[in-house]
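Asker: Data: work_6.cif, mmCIF, C-alpha atoms.
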data_query
#
loop_
_atom_site.label_atom_id
_atom_site.label_comp_id
_atom_site.auth_asym_id
_atom_site.auth_seq_id
_atom_site.Cartn_x
_atom_site.Cartn_y
_atom_site.Cartn_z
CA MET S 1 10.75 4.12 -9.28
CA SER S 2 12.22 6.20 -12.07
CA PRO S 3 10.28 9.37 -12.99
CA PHE S 4 11.37 9.12 -16.62
CA THR S 5 8.75 8.09 -19.15
CA GLY S 6 8.89 6.62 -22.63
CA SER S 7 6.60 7.15 -25.59
CA ALA S 8 3.51 5.50 -24.16
CA PRO S 9 0.83 7.98 -23.03
CA ARG S 10 -0.69 7.93 -19.57
CA THR S 11 -3.57 5.47 -19.35
CA PRO S 12 -6.84 7.47 -19.50
CA ASP S 13 -9.15 4.71 -18.19
CA TRP S 14 -8.67 1.66 -16.01
CA ARG S 15 -10.94 -1.30 -16.66
CA HIS S 16 -10.67 -3.09 -13.32
CA LEU S 17 -10.64 -0.25 -10.80
CA ARG S 18 -11.58 3.38 -10.35
CA LEU S 19 -9.03 6.17 -10.02
CA ALA S 20 -9.58 9.72 -8.82
CA VAL S 21 -6.77 12.22 -8.28
CA GLU S 22 -7.46 15.49 -6.51
CA ASP S 23 -4.94 17.97 -5.14
CA GLY S 24 -2.16 15.44 -4.65
CA VAL S 25 -4.30 12.58 -3.30
CA ALA S 26 -5.00 9.53 -5.48
CA THR S 27 -7.98 7.38 -4.50
CA VAL S 28 -7.98 3.87 -5.98
CA THR S 29 -11.16 1.86 -5.55
CA LEU S 30 -11.50 -1.84 -6.28
CA ALA S 31 -14.82 -1.90 -8.11
CA ARG S 32 -16.41 -5.37 -8.29
CA PRO S 33 -18.89 -4.98 -5.42
CA ASP S 34 -21.04 -7.89 -6.62
CA LYS S 35 -17.99 -10.15 -6.10
CA LEU S 36 -16.74 -8.49 -2.90
CA ASN S 37 -14.05 -6.92 -5.10
CA ALA S 38 -12.47 -10.29 -5.86
CA LEU S 39 -9.32 -9.87 -7.92
CA THR S 40 -8.90 -11.06 -11.49
CA PHE S 41 -5.80 -11.32 -13.68
CA GLY S 42 -6.73 -7.94 -15.12
CA ALA S 43 -7.18 -6.35 -11.69
CA TYR S 44 -3.70 -7.43 -10.60
CA ALA S 45 -2.21 -6.12 -13.84
CA ASP S 46 -4.08 -2.81 -13.53
CA LEU S 47 -2.84 -2.30 -9.97
CA ARG S 48 0.73 -3.08 -11.02
CA ASP S 49 0.63 -0.71 -13.99
CA LEU S 50 -1.30 2.04 -12.21
CA LEU S 51 1.18 2.20 -9.34
CA ALA S 52 4.04 2.45 -11.82
CA GLU S 53 2.33 5.32 -13.63
CA LEU S 54 1.46 7.20 -10.44
CA SER S 55 5.03 6.75 -9.20
CA ARG S 56 6.22 8.75 -12.20
CA ASP S 57 3.58 11.43 -11.61
CA LYS S 58 5.14 14.09 -9.42
CA SER S 59 1.69 15.49 -8.51
CA VAL S 60 0.64 12.41 -6.48
CA ARG S 61 1.74 12.67 -2.84
CA ALA S 62 -0.52 10.11 -1.12
CA LEU S 63 -2.78 7.24 -2.15
CA VAL S 64 -5.87 5.70 -0.54
CA LEU S 65 -6.77 2.12 -1.52
CA GLY S 66 -10.32 1.03 -0.78
CA GLY S 67 -13.11 -1.24 -1.96
CA GLU S 68 -16.61 -0.53 -3.21
CA GLY S 69 -19.67 -2.08 -1.57
CA ARG S 70 -19.73 -4.43 1.41
CA GLY S 71 -16.01 -5.15 1.75
CA PHE S 72 -12.43 -4.24 0.93
CA CYS S 73 -11.36 -7.28 -1.10
CA SER S 74 -12.19 -10.97 -0.81
CA GLY S 75 -8.99 -12.12 -2.53
CA GLY S 76 -8.55 -13.91 -5.84
CA ASP S 77 -11.72 -14.73 -7.75
CA VAL S 78 -12.47 -18.44 -7.28
CA ASP S 79 -13.64 -18.99 -10.86
CA GLU S 80 -11.55 -16.49 -12.80
CA ILE S 81 -8.25 -17.17 -11.02
CA ILE S 82 -8.34 -20.37 -8.98
CA GLY S 83 -10.28 -22.26 -11.62
CA ALA S 84 -8.13 -20.87 -14.42
CA THR S 85 -4.82 -21.66 -12.73
CA LEU S 86 -5.71 -25.37 -12.62
CA ALA S 87 -5.31 -25.40 -16.41
CA MET S 88 -1.95 -23.56 -16.44
CA ASP S 89 1.49 -25.09 -16.81
CA THR S 90 4.35 -24.27 -14.46
CA ALA S 91 5.72 -21.42 -16.57
CA GLN S 92 2.31 -19.73 -16.72
CA LEU S 93 1.80 -20.20 -12.98
CA LEU S 94 5.20 -18.66 -12.28
CA ASP S 95 4.33 -15.66 -14.46
CA PHE S 96 1.06 -15.17 -12.58
CA ASN S 97 2.59 -15.47 -9.13
CA ARG S 98 5.40 -13.11 -10.07
CA MET S 99 2.80 -10.58 -11.22
CA THR S 100 0.96 -10.67 -7.88
CA GLY S 101 4.29 -10.12 -6.12
CA GLN S 102 5.00 -7.18 -8.40
CA VAL S 103 1.84 -5.50 -7.09
CA VAL S 104 3.10 -5.79 -3.51
CA ARG S 105 6.52 -4.52 -4.50
CA ALA S 106 4.91 -1.59 -6.30
CA ILE S 107 2.98 -0.65 -3.14
CA ARG S 108 6.15 -0.85 -1.03
CA GLU S 109 8.38 0.92 -3.55
CA CYS S 110 6.14 3.75 -4.79
CA PRO S 111 7.45 7.12 -3.56
CA PHE S 112 4.31 8.16 -1.68
CA PRO S 113 2.47 6.76 1.36
CA VAL S 114 -0.28 4.22 0.68
CA ILE S 115 -3.24 4.01 3.06
CA ALA S 116 -5.56 0.99 3.04
CA ALA S 117 -9.11 1.90 4.10
CA VAL S 118 -10.59 -1.43 5.18
CA HIS S 119 -14.23 -2.23 5.78
CA GLY S 120 -15.83 -5.65 5.72
CA VAL S 121 -13.58 -8.45 4.58
CA ALA S 122 -9.92 -8.26 3.58
CA ALA S 123 -9.15 -11.87 2.73
CA GLY S 124 -6.40 -13.73 0.92
CA ALA S 125 -4.73 -11.40 -1.55
CA GLY S 126 -6.92 -8.59 -0.21
CA ALA S 127 -5.34 -9.02 3.22
CA VAL S 128 -1.86 -8.88 1.66
CA LEU S 129 -2.69 -5.70 -0.28
CA ALA S 130 -3.69 -4.07 3.01
CA LEU S 131 -0.59 -5.50 4.72
CA ALA S 132 1.67 -3.98 2.06
CA ALA S 133 0.24 -0.49 2.62
CA ASP S 134 2.06 1.98 4.86
CA PHE S 135 -1.06 2.57 6.96
CA ARG S 136 -4.09 0.35 7.61
CA ILE S 137 -7.24 2.06 8.85
CA ALA S 138 -10.28 -0.11 9.57
CA ASP S 139 -13.84 -0.14 10.81
CA PRO S 140 -14.47 -2.22 13.97
CA SER S 141 -16.39 -4.80 11.93
CA ALA S 142 -13.56 -5.27 9.42
CA ARG S 143 -11.80 -8.62 9.41
CA PHE S 144 -8.55 -9.90 7.94
CA ALA S 145 -7.92 -13.47 6.86
CA PHE S 146 -4.80 -14.87 5.18
CA LEU S 147 -6.58 -17.83 3.60
CA PHE S 148 -3.84 -19.38 1.46
CA THR S 149 -3.41 -22.62 3.44
CA ARG S 150 -7.20 -23.05 3.38
CA VAL S 151 -6.95 -23.64 -0.38
CA GLY S 152 -3.90 -25.89 -0.10
CA LEU S 153 -1.24 -23.27 -0.81
CA SER S 154 1.60 -21.78 1.20
CA GLY S 155 0.74 -18.99 3.59
CA GLY S 156 3.78 -17.16 2.23
CA ASP S 157 1.97 -15.70 -0.77
CA MET S 158 2.78 -12.31 -2.35
CA GLY S 159 5.41 -11.55 0.27
CA ALA S 160 3.14 -12.20 3.26
CA ALA S 161 5.74 -14.34 5.04
CA TYR S 162 8.22 -11.47 4.68
CA LEU S 163 5.96 -8.57 5.64
CA LEU S 164 3.63 -9.97 8.30
CA PRO S 165 6.29 -11.03 10.88
CA ARG S 166 7.81 -7.56 10.57
CA VAL S 167 4.44 -5.96 11.36
CA VAL S 168 2.99 -8.24 14.05
CA GLY S 169 5.92 -10.47 15.08
CA LEU S 170 6.73 -14.07 14.20
CA GLY S 171 4.31 -15.66 16.67
CA HIS S 172 1.20 -13.85 15.46
CA ALA S 173 2.32 -14.17 11.82
CA THR S 174 2.72 -17.94 12.20
CA ARG S 175 -0.79 -18.26 13.59
CA LEU S 176 -2.37 -16.05 10.95
CA LEU S 177 -0.56 -17.55 7.95
CA MET S 178 -0.77 -21.20 9.00
CA LEU S 179 -4.33 -21.36 10.31
CA GLY S 180 -5.93 -18.78 8.03
CA GLU S 181 -8.44 -17.85 10.71
CA PRO S 182 -10.14 -14.44 10.47
CA VAL S 183 -8.91 -11.66 12.73
CA ARG S 184 -11.40 -8.93 13.52
CA ALA S 185 -10.31 -5.33 13.65
CA PRO S 186 -10.08 -4.97 17.47
CA GLU S 187 -7.65 -7.90 17.68
CA ALA S 188 -5.83 -6.66 14.58
CA GLU S 189 -5.27 -3.36 16.38
CA ARG S 190 -4.08 -5.17 19.52
CA ILE S 191 -1.40 -7.16 17.67
CA GLY S 192 -0.20 -4.17 15.66
CA LEU S 193 -1.74 -4.94 12.28
CA LEU S 194 -3.79 -1.72 12.29
CA SER S 195 -2.60 1.86 12.28
CA GLU S 196 -5.99 3.16 13.38
CA LEU S 197 -9.32 1.68 14.45
CA THR S 198 -12.17 4.04 13.67
CA GLU S 199 -15.84 4.21 14.53
CA GLU S 200 -18.04 2.02 12.37
CA GLY S 201 -18.30 3.31 8.82
CA LYS S 202 -15.56 5.92 9.29
CA ALA S 203 -12.49 4.13 7.85
CA ALA S 204 -12.71 5.75 4.42
CA GLU S 205 -13.18 9.20 5.98
CA ALA S 206 -10.22 8.72 8.33
CA ALA S 207 -8.05 7.42 5.49
CA ALA S 208 -8.92 10.45 3.36
CA ALA S 209 -8.04 12.78 6.25
CA LEU S 210 -4.68 11.08 6.75
CA ALA S 211 -3.99 11.23 3.01
CA ARG S 212 -4.75 14.95 3.05
CA ARG S 213 -2.35 15.47 5.96
CA LEU S 214 0.39 13.52 4.17
CA ALA S 215 -0.19 15.25 0.83
CA ASP S 216 0.12 18.64 2.52
CA GLY S 217 3.36 17.68 4.26
CA PRO S 218 7.01 17.35 3.21
CA ALA S 219 6.58 14.82 0.39
CA LEU S 220 10.27 14.18 -0.21
CA ALA S 221 10.88 13.52 3.50
CA TYR S 222 7.98 11.05 3.53
CA ALA S 223 9.22 9.35 0.36
CA GLN S 224 12.72 8.91 1.75
CA THR S 225 11.39 7.67 5.10
CA LYS S 226 9.34 5.02 3.30
CA ALA S 227 12.30 4.03 1.16
CA LEU S 228 14.52 3.64 4.23
CA LEU S 229 11.93 1.62 6.13
CA THR S 230 11.78 -0.85 3.26
CA ALA S 231 15.49 -0.91 2.43
CA GLU S 232 16.71 -1.29 6.01
CA LEU S 233 14.55 -4.27 6.94
CA ASP S 234 17.42 -6.61 6.08
CA MET S 235 20.43 -4.36 6.61
CA PRO S 236 22.95 -4.58 9.44
CA LEU S 237 23.10 -1.54 11.72
CA ALA S 238 26.32 -0.19 10.22
CA ALA S 239 24.85 -0.14 6.70
CA SER S 240 21.61 1.38 7.99
CA VAL S 241 23.21 4.30 9.79
CA GLU S 242 25.41 5.01 6.78
CA LEU S 243 22.36 5.03 4.49
CA ASP S 244 20.56 7.29 6.98
CA ALA S 245 23.52 9.67 6.97
CA ALA S 246 23.66 9.88 3.19
CA THR S 247 19.90 10.43 2.96
CA GLN S 248 19.91 13.18 5.59
CA ALA S 249 22.82 14.94 3.89
CA LEU S 250 20.84 15.04 0.65
CA LEU S 251 17.67 16.29 2.37
CA MET S 252 19.58 18.91 4.32
CA ASN S 253 20.59 20.35 0.96
CA GLY S 254 16.94 20.51 -0.14
CA GLU S 255 14.43 23.33 -0.29
CA ASP S 256 12.07 21.92 2.35
CA TYR S 257 14.78 21.87 5.01
CA ALA S 258 15.61 25.52 4.32
CA GLU S 259 11.90 26.34 4.24
CA PHE S 260 11.41 24.88 7.70
CA HIS S 261 14.12 27.14 9.09
CA ALA S 262 12.67 30.18 7.34
CA SER S 263 9.13 29.44 8.55
CA PHE S 264 10.31 28.82 12.10
CA THR S 265 12.24 32.11 12.10
CA GLU S 266 9.30 34.00 10.61
CA LYS S 267 6.79 32.26 12.93
CA ARG S 268 4.57 30.94 10.13
CA PRO S 269 3.57 27.47 8.84
CA PRO S 270 6.05 25.96 6.37
CA LYS S 271 5.18 25.87 2.67
CA TRP S 272 6.41 22.41 1.69
CA GLN S 273 7.52 21.97 -1.91
CA GLY S 274 8.56 18.33 -1.90
CA ARG S 275 12.08 19.28 -2.96
#
Take the structure in the file and give it back as C-alpha cells.

Answerer:
Amino acid sequence: MSPFTGSAPRTPDWRHLRLAVEDGVATVTLARPDKLNALTFGAYADLRDLLAELSRDKSVRALVLGGEGRGFCSGGDVDEIIGATLAMDTAQLLDFNRMTGQVVRAIRECPFPVIAAVHGVAAGAGAVLALAADFRIADPSARFAFLFTRVGLSGGDMGAAYLLPRVVGLGHATRLLMLGEPVRAPEAERIGLLSELTEEGKAAEAAAALARRLADGPALAYAQTKALLTAELDMPLAASVELDAATQALLMNGEDYAEFHASFTEKRPPKWQGR
C-alpha cells in the first residue's frame, strides 16, 4: 500500500476495536466479549480502514490480532449482519461482501507481518481473518470452523476458497469449507493450519513474542518476502524467479544488506533500519 497520505488526519479512536502501538508492534483487539467478538458492519469497516492507516505508518513493523474474553471471533453477528442482509438488495449485498473481502486483502497486502493469536472459537469470518494472517498461534483448546455452508452460503467466502487450499491442501480445504465442522487446534496444527500450538492460555504471549522478534528484525526484507509470497501464488516459475531477482537486486542496494556485512565483519549484532 502507498505510504502517501492525503488531508485526512490519522484516526484517534476506533469504535469497534482496540488499538495499541508500542515500539513497532501494533496490537489490535476485537472487543465485543459479550458477543464472542462477533463482527458488525462497523467492525469490518474499522479493520479495513485501520489496516490501511497502519500500512502508511512507517513505525509499525508487526501486528498481533486477537480477541477479548472467551474467544477470538465467532464470525458475523447473527442479528446485526445476517438479519440485516435479508433486507438488502443485490447492490447492497455486493457492497457488503466486497468490503469483507477488502479486509482480507488488507491483511495480505499490508507491508508488515500479521499474527493471529487464537483462543476459544474462530468461526466463520473469524476463521478467515485468522487464515489471512501470516502466522496463526493458538491455544490447544482453540477451534476453527468455516461455517458458511451451515447458513446456506458458499464456503468460498472472503477469499477462503483461494487461501485455505494453499495453506492446508485441496483435500483438507474441501472438507473444512463444505462441511463446516469445527477443527480443534491439535488437528489444525497437524494439517498445517497453525504456525504454532502453545500451552493453554499462552497464545497471546507467544504471539507478542513473535511480533517482538519480527519488529526487531529486517522490516523491509520481511515486507518484501510477504509481498512475494502473495504475488507468486499464481505466477509461473519464470515470472517468479524474475520477480525474485528484481527484488533481491533492490534489497542488495539497501542499508540493511550493507549493515549485515558490517556487523558480521565487526562481530556484533546487526542494527536493522528497515531500509

Asker: Using only C-alpha atoms, I'd like a table of the residues in region 167-270 of chain S that come within 8 Å of region 56-78 of chain S; for each, show the closest atom pair and its distance in Å rounded to one decimal, ordered by chain and ascending number, as a tab-separated table.

Answerer:
residue	atom	partner	partner_atom	distance
S:Ala204	CA	S:Gly66	CA	7.4
S:Ala207	CA	S:Val64	CA	6.6
S:Ala208	CA	S:Val64	CA	6.9
S:Ala211	CA	S:Ala62	CA	5.5
S:Arg212	CA	S:Ala62	CA	7.7
S:Leu214	CA	S:Ala62	CA	6.4
S:Ala215	CA	S:Arg61	CA	4.9
S:Ala219	CA	S:Arg61	CA	6.2

Asker: Where does region 129-218 of chain S meet region 85-105 of chain S within 7 Å, residue by residue, with the nearest atom pair and distance in Å to one decimal for each, counting only C-alpha atoms, listed by chain and rising number, as a Markdown table?

Answerer:
| residue | atom | partner | partner_atom | distance |
| --- | --- | --- | --- | --- |
| S:Leu129 | CA | S:Val104 | CA | 6.6 |
| S:Ala132 | CA | S:Val104 | CA | 6.0 |
| S:Met158 | CA | S:Gly101 | CA | 4.6 |
| S:Gly159 | CA | S:Gly101 | CA | 6.6 |

Asker: Please, could you write that set of residues out with C-alpha atoms as a JSON list (two decimals), in the coordinates of the input?

Answerer:
[["chain", "number", "residue", "atom", "x", "y", "z"],
["S", 129, "LEU", "CA", -2.69, -5.70, -0.28],
["S", 132, "ALA", "CA", 1.67, -3.98, 2.06],
["S", 158, "MET", "CA", 2.78, -12.31, -2.35],
["S", 159, "GLY", "CA", 5.41, -11.55, 0.27]]

Asker: What does the distance from CA of Ala138 (chain S) to CA of Leu197 (chain S) come to in Å, to one decimal?

Answerer: 5.3 Å

Asker: Name every residue that the PyMOL selection byres ((chain S and resi 226-232) around 9) selects in this structure, writing the answer as a VMD selection string with chains first and numbers rising.

Answerer: chain S and resid 108 to 113 134 221 to 225 233 to 237 239 to 240 243 to 244 247

Asker: Determine, using only C-alpha atoms, which residues of region 143-211 of chain S have any atom at most 9 Å from an atom of region 119-128 of chain S, and tabulate each with its shortest atom pair and distance in Å to one decimal place, rows ordered by chain and then rising number, as a Markdown table.

Answerer:
| residue | atom | partner | partner_atom | distance |
| --- | --- | --- | --- | --- |
| S:Arg143 | CA | S:Val121 | CA | 5.2 |
| S:Phe144 | CA | S:Ala122 | CA | 4.9 |
| S:Ala145 | CA | S:Ala123 | CA | 4.6 |
| S:Phe146 | CA | S:Gly124 | CA | 4.7 |
| S:Leu147 | CA | S:Gly124 | CA | 4.9 |
| S:Phe148 | CA | S:Gly124 | CA | 6.2 |
| S:Asp157 | CA | S:Ala125 | CA | 8.0 |
| S:Met158 | CA | S:Val128 | CA | 7.0 |
| S:Gly159 | CA | S:Val128 | CA | 7.9 |
| S:Ala160 | CA | S:Val128 | CA | 6.2 |
| S:Leu163 | CA | S:Val128 | CA | 8.8 |
| S:Leu164 | CA | S:Val128 | CA | 8.7 |
| S:Gly180 | CA | S:Gly124 | CA | 8.7 |
| S:Pro182 | CA | S:Ala123 | CA | 8.2 |
| S:Glu200 | CA | S:His119 | CA | 8.7 |
| S:Gly201 | CA | S:His119 | CA | 7.5 |
| S:Lys202 | CA | S:His119 | CA | 9.0 |
| S:Ala203 | CA | S:His119 | CA | 6.9 |
| S:Ala204 | CA | S:His119 | CA | 8.2 |

Asker: Dump as CSV the rows for residues of region 144-249 of chain S within 12 Å of region 261-270 of chain S: closest atom pair and distance in Å with one decimal, only C-alpha atoms counted, ordered by chain and rising residue number.

Answerer:
residue,atom,partner,partner_atom,distance
S:Asp216,CA,S:Pro270,CA,10.2
S:Gly217,CA,S:Pro270,CA,9.0
S:Pro218,CA,S:Pro270,CA,9.2

Asker: Pick the closest to Asp79 (chain S) from S:Leu39, S:Leu131, S:Ala188, S:Ala116: which is it, counting only C-alpha atoms?

Answerer: S:Leu39

Asker: For this structure, which residues satisfy the selection - the PyMOL selection byres ((chain S and resi 257) around 10) - when it is evaluated on the file as given? I want them as a PDB file with C-alpha atoms, in the coordinates of the input.

Answerer:
ATOM      1  CA  PRO S 218       7.010  17.350   3.210  1.00  0.00           C
ATOM      2  CA  ALA S 221      10.880  13.520   3.500  1.00  0.00           C
ATOM      3  CA  LEU S 251      17.670  16.290   2.370  1.00  0.00           C
ATOM      4  CA  MET S 252      19.580  18.910   4.320  1.00  0.00           C
ATOM      5  CA  ASN S 253      20.590  20.350   0.960  1.00  0.00           C
ATOM      6  CA  GLY S 254      16.940  20.510  -0.140  1.00  0.00           C
ATOM      7  CA  GLU S 255      14.430  23.330  -0.290  1.00  0.00           C
ATOM      8  CA  ASP S 256      12.070  21.920   2.350  1.00  0.00           C
ATOM      9  CA  ALA S 258      15.610  25.520   4.320  1.00  0.00           C
ATOM     10  CA  GLU S 259      11.900  26.340   4.240  1.00  0.00           C
ATOM     11  CA  PHE S 260      11.410  24.880   7.700  1.00  0.00           C
ATOM     12  CA  HIS S 261      14.120  27.140   9.090  1.00  0.00           C
ATOM     13  CA  ALA S 262      12.670  30.180   7.340  1.00  0.00           C
ATOM     14  CA  PRO S 270       6.050  25.960   6.370  1.00  0.00           C
ATOM     15  CA  TRP S 272       6.410  22.410   1.690  1.00  0.00           C
ATOM     16  CA  GLY S 274       8.560  18.330  -1.900  1.00  0.00           C
ATOM     17  CA  ARG S 275      12.080  19.280  -2.960  1.00  0.00           C
TER      18      ARG S 275
END

Asker: As a PDB file, in the frame of the given file, could you write out region 61-92 of chain S once it has been completed with N, CA and C atoms?

Answerer:
ATOM      1  N   ARG S  61       0.960  12.649  -4.076  1.00  0.00           N
ATOM      2  CA  ARG S  61       1.740  12.670  -2.840  1.00  0.00           C
ATOM      3  C   ARG S  61       1.196  11.723  -1.768  1.00  0.00           C
ATOM      4  N   ALA S  62       0.046  11.114  -2.033  1.00  0.00           N
ATOM      5  CA  ALA S  62      -0.520  10.110  -1.120  1.00  0.00           C
ATOM      6  C   ALA S  62      -1.574   9.332  -1.874  1.00  0.00           C
ATOM      7  N   LEU S  63      -1.804   8.086  -1.469  1.00  0.00           N
ATOM      8  CA  LEU S  63      -2.780   7.240  -2.150  1.00  0.00           C
ATOM      9  C   LEU S  63      -3.626   6.501  -1.131  1.00  0.00           C
ATOM     10  N   VAL S  64      -4.933   6.481  -1.352  1.00  0.00           N
ATOM     11  CA  VAL S  64      -5.870   5.700  -0.540  1.00  0.00           C
ATOM     12  C   VAL S  64      -6.372   4.542  -1.384  1.00  0.00           C
ATOM     13  N   LEU S  65      -6.264   3.322  -0.855  1.00  0.00           N
ATOM     14  CA  LEU S  65      -6.770   2.120  -1.520  1.00  0.00           C
ATOM     15  C   LEU S  65      -7.971   1.607  -0.755  1.00  0.00           C
ATOM     16  N   GLY S  66      -9.108   1.493  -1.429  1.00  0.00           N
ATOM     17  CA  GLY S  66     -10.320   1.030  -0.780  1.00  0.00           C
ATOM     18  C   GLY S  66     -11.121   0.117  -1.691  1.00  0.00           C
ATOM     19  N   GLY S  67     -12.245  -0.352  -1.190  1.00  0.00           N
ATOM     20  CA  GLY S  67     -13.110  -1.240  -1.960  1.00  0.00           C
ATOM     21  C   GLY S  67     -14.541  -0.741  -1.962  1.00  0.00           C
ATOM     22  N   GLU S  68     -15.220  -0.960  -3.071  1.00  0.00           N
ATOM     23  CA  GLU S  68     -16.610  -0.530  -3.210  1.00  0.00           C
ATOM     24  C   GLU S  68     -17.548  -1.590  -2.626  1.00  0.00           C
ATOM     25  N   GLY S  69     -18.649  -1.145  -2.036  1.00  0.00           N
ATOM     26  CA  GLY S  69     -19.670  -2.080  -1.570  1.00  0.00           C
ATOM     27  C   GLY S  69     -19.443  -2.579  -0.160  1.00  0.00           C
ATOM     28  N   ARG S  70     -19.673  -3.876   0.055  1.00  0.00           N
ATOM     29  CA  ARG S  70     -19.730  -4.430   1.410  1.00  0.00           C
ATOM     30  C   ARG S  70     -18.371  -4.784   2.000  1.00  0.00           C
ATOM     31  N   GLY S  71     -17.303  -4.756   1.201  1.00  0.00           N
ATOM     32  CA  GLY S  71     -16.010  -5.150   1.750  1.00  0.00           C
ATOM     33  C   GLY S  71     -14.849  -4.558   0.981  1.00  0.00           C
ATOM     34  N   PHE S  72     -13.672  -4.748   1.529  1.00  0.00           N
ATOM     35  CA  PHE S  72     -12.430  -4.240   0.930  1.00  0.00           C
ATOM     36  C   PHE S  72     -12.039  -5.100  -0.264  1.00  0.00           C
ATOM     37  N   CYS S  73     -11.754  -6.378  -0.021  1.00  0.00           N
ATOM     38  CA  CYS S  73     -11.360  -7.280  -1.100  1.00  0.00           C
ATOM     39  C   CYS S  73     -11.366  -8.701  -0.564  1.00  0.00           C
ATOM     40  N   SER S  74     -12.066  -9.592  -1.270  1.00  0.00           N
ATOM     41  CA  SER S  74     -12.190 -10.970  -0.810  1.00  0.00           C
ATOM     42  C   SER S  74     -11.095 -11.886  -1.334  1.00  0.00           C
ATOM     43  N   GLY S  75     -10.098 -11.314  -2.030  1.00  0.00           N
ATOM     44  CA  GLY S  75      -8.990 -12.120  -2.530  1.00  0.00           C
ATOM     45  C   GLY S  75      -9.158 -12.460  -4.003  1.00  0.00           C
ATOM     46  N   GLY S  76      -8.468 -13.502  -4.442  1.00  0.00           N
ATOM     47  CA  GLY S  76      -8.550 -13.910  -5.840  1.00  0.00           C
ATOM     48  C   GLY S  76      -9.894 -14.529  -6.160  1.00  0.00           C
ATOM     49  N   ASP S  77     -10.426 -14.193  -7.317  1.00  0.00           N
ATOM     50  CA  ASP S  77     -11.720 -14.730  -7.750  1.00  0.00           C
ATOM     51  C   ASP S  77     -11.622 -16.247  -7.922  1.00  0.00           C
ATOM     52  N   VAL S  78     -12.538 -16.976  -7.281  1.00  0.00           N
ATOM     53  CA  VAL S  78     -12.470 -18.440  -7.280  1.00  0.00           C
ATOM     54  C   VAL S  78     -12.564 -18.999  -8.695  1.00  0.00           C
ATOM     55  N   ASP S  79     -13.473 -18.460  -9.505  1.00  0.00           N
ATOM     56  CA  ASP S  79     -13.640 -18.990 -10.860  1.00  0.00           C
ATOM     57  C   ASP S  79     -12.600 -18.440 -11.819  1.00  0.00           C
ATOM     58  N   GLU S  80     -12.388 -17.122 -11.781  1.00  0.00           N
ATOM     59  CA  GLU S  80     -11.550 -16.490 -12.800  1.00  0.00           C
ATOM     60  C   GLU S  80     -10.066 -16.645 -12.540  1.00  0.00           C
ATOM     61  N   ILE S  81      -9.676 -16.941 -11.290  1.00  0.00           N
ATOM     62  CA  ILE S  81      -8.250 -17.170 -11.020  1.00  0.00           C
ATOM     63  C   ILE S  81      -8.006 -18.603 -10.581  1.00  0.00           C
ATOM     64  N   ILE S  82      -8.629 -19.028  -9.486  1.00  0.00           N
ATOM     65  CA  ILE S  82      -8.340 -20.370  -8.980  1.00  0.00           C
ATOM     66  C   ILE S  82      -8.709 -21.425 -10.003  1.00  0.00           C
ATOM     67  N   GLY S  83      -9.890 -21.307 -10.588  1.00  0.00           N
ATOM     68  CA  GLY S  83     -10.280 -22.260 -11.620  1.00  0.00           C
ATOM     69  C   GLY S  83      -9.359 -22.219 -12.815  1.00  0.00           C
ATOM     70  N   ALA S  84      -8.984 -21.019 -13.238  1.00  0.00           N
ATOM     71  CA  ALA S  84      -8.130 -20.870 -14.420  1.00  0.00           C
ATOM     72  C   ALA S  84      -6.726 -21.399 -14.185  1.00  0.00           C
ATOM     73  N   THR S  85      -6.200 -21.219 -12.982  1.00  0.00           N
ATOM     74  CA  THR S  85      -4.820 -21.660 -12.730  1.00  0.00           C
ATOM     75  C   THR S  85      -4.689 -23.179 -12.770  1.00  0.00           C
ATOM     76  N   LEU S  86      -5.779 -23.905 -12.559  1.00  0.00           N
ATOM     77  CA  LEU S  86      -5.710 -25.370 -12.620  1.00  0.00           C
ATOM     78  C   LEU S  86      -5.347 -25.855 -14.020  1.00  0.00           C
ATOM     79  N   ALA S  87      -5.598 -25.016 -15.029  1.00  0.00           N
ATOM     80  CA  ALA S  87      -5.310 -25.400 -16.410  1.00  0.00           C
ATOM     81  C   ALA S  87      -3.966 -24.862 -16.891  1.00  0.00           C
ATOM     82  N   MET S  88      -3.217 -24.166 -16.027  1.00  0.00           N
ATOM     83  CA  MET S  88      -1.950 -23.560 -16.440  1.00  0.00           C
ATOM     84  C   MET S  88      -0.774 -24.497 -16.210  1.00  0.00           C
ATOM     85  N   ASP S  89       0.252 -24.351 -17.049  1.00  0.00           N
ATOM     86  CA  ASP S  89       1.490 -25.090 -16.810  1.00  0.00           C
ATOM     87  C   ASP S  89       2.373 -24.304 -15.838  1.00  0.00           C
ATOM     88  N   THR S  90       3.509 -24.870 -15.479  1.00  0.00           N
ATOM     89  CA  THR S  90       4.350 -24.270 -14.460  1.00  0.00           C
ATOM     90  C   THR S  90       4.855 -22.890 -14.860  1.00  0.00           C
ATOM     91  N   ALA S  91       5.226 -22.725 -16.123  1.00  0.00           N
ATOM     92  CA  ALA S  91       5.720 -21.420 -16.570  1.00  0.00           C
ATOM     93  C   ALA S  91       4.640 -20.355 -16.466  1.00  0.00           C
ATOM     94  N   GLN S  92       3.419 -20.685 -16.822  1.00  0.00           N
ATOM     95  CA  GLN S  92       2.310 -19.730 -16.720  1.00  0.00           C
ATOM     96  C   GLN S  92       2.009 -19.402 -15.258  1.00  0.00           C
TER      97      GLN S  92
END
